[in-house]
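Asker: Mind having a look at this structure? Questions to follow.
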Amino acid sequence: MYDIFLNYMNKSENTFKYRQLLSCKCLKMRKASRITTQLYDKKLKPLKIKITQFSILSLLASGGDETVNSLSENLLMDRTTLSRSLDILYKNKLIENLKSNDARKRIVKLTPKGFDILDQAIPLWKEAEDEIFSESKKYSFSVL
């Protein structure tokens with residue numbers, strides 16, 4: 001009987017030990033990030049782009065031609081993840097590759113179709129922005 005009691009106590013202690021991990025700030029921020037991403041993706045779905053692609057289009061529209069390295073740095077994305085998004089944008093003819101004097105550098109540029117999709121996306125993005133802001137006020141949560 002004593003063994004059963006000790007086993008129960010150990011499980012109880014372990015349960016608390018692991019349950020407290022659920023208060024991890026990083027876990028909560030990543031969860032909030034996924035929820036936010038899902039909201040933006042849902043708003044942008046009619047245009048068949050995701051918020052990550054919208055971010056790339058926005059950066060290219062506001063800053064002009066960019067190398068993949070500079071995009072990666074500006075978006076804080078690893079190159080592999082960025083390359084996957086760029087490949088989709090390229091396939092959909094929203095961006096194009098430019099010739100470079102340095103063959104090691106890949107330079108990308110927004111196409112007229114890319115500008116058109118971005119212009120159509122801005123009101124949808126704005127809806128998501130407003131929704132995020134109003135939801136955050138309801139819960140007294142500060143948005144960046």
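Chain labels run A, B, ... following the order of the structure tokens; each chain numbers its residues from 1, and ligands are numbered from 1 in the order shown.
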With a distance cut-off of 8 Å and only C-alpha atoms, select the neighbouring residues of stretch 52-68 of chain A, excluding the residue or stretch itself and same-chain residues fewer than 4 positions from it, and output the selection as a list in words.
Answerer: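 Listed by chain and then number, they are Ser72, Leu75, Arg79, Leu82, Ser83, Ser85, Leu86, Leu89, Lys105, Arg106, Ile107, Val108, Lys109, Leu110, Gly114, Phe115, Leu118 and Ala121 of chain A.
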Asker: Create the file for the chosen residues now, containing C-alpha atoms and written as a CSV table (one decimal), in the first residue's frame.
Answerer:
```csv
chain,number,residue,atom,x,y,z
A,72,SER,CA,16.4,36.9,-45.3
A,75,LEU,CA,12.5,39.4,-42.5
A,79,ARG,CA,17.2,31.2,-46.3
A,82,LEU,CA,12.4,32.1,-47.5
A,83,SER,CA,13.4,30.2,-50.7
A,85,SER,CA,8.1,31.2,-50.3
A,86,LEU,CA,10.1,32.9,-53.1
A,89,LEU,CA,5.8,33.7,-55.7
A,105,LYS,CA,23.6,36.5,-55.7
A,106,ARG,CA,20.0,36.0,-56.5
A,107,ILE,CA,18.2,39.3,-56.9
A,108,VAL,CA,14.4,39.3,-56.9
A,109,LYS,CA,12.0,42.0,-58.1
A,110,LEU,CA,8.2,42.4,-57.9
A,114,GLY,CA,2.9,41.1,-58.0
A,115,PHE,CA,2.1,44.8,-57.5
A,118,LEU,CA,-0.4,43.4,-53.4
A,121,ALA,CA,-4.3,42.4,-50.7
```
Asker: Which parts of chain A does DSSP call helix (DSSP H, G or I) when run on the backbone here, written out as an MDAnalysis selection string?
Answerer: chainID A and resid 2:23 25:47 51:63 68:75 79:91 112:138
Asker: Suppose you want the space between atom CA of A:Ser134 and atom CA of A:Lys43; what is it in Å?
Answerer: 15.7 Å
Asker: Provide the atom CA of A:Met29 to atom CA of A:Met77 distance in Å, to one decimal place.
Answerer: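 Between atom CA of A:Met29 and atom CA of A:Met77 the gap works out to 17.2 Å.
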Asker: Just the number, please: distance in Å from atom CA of A:Lys93 to atom CA of A:Ser33, one decimal.
Answerer: 28.3 Å
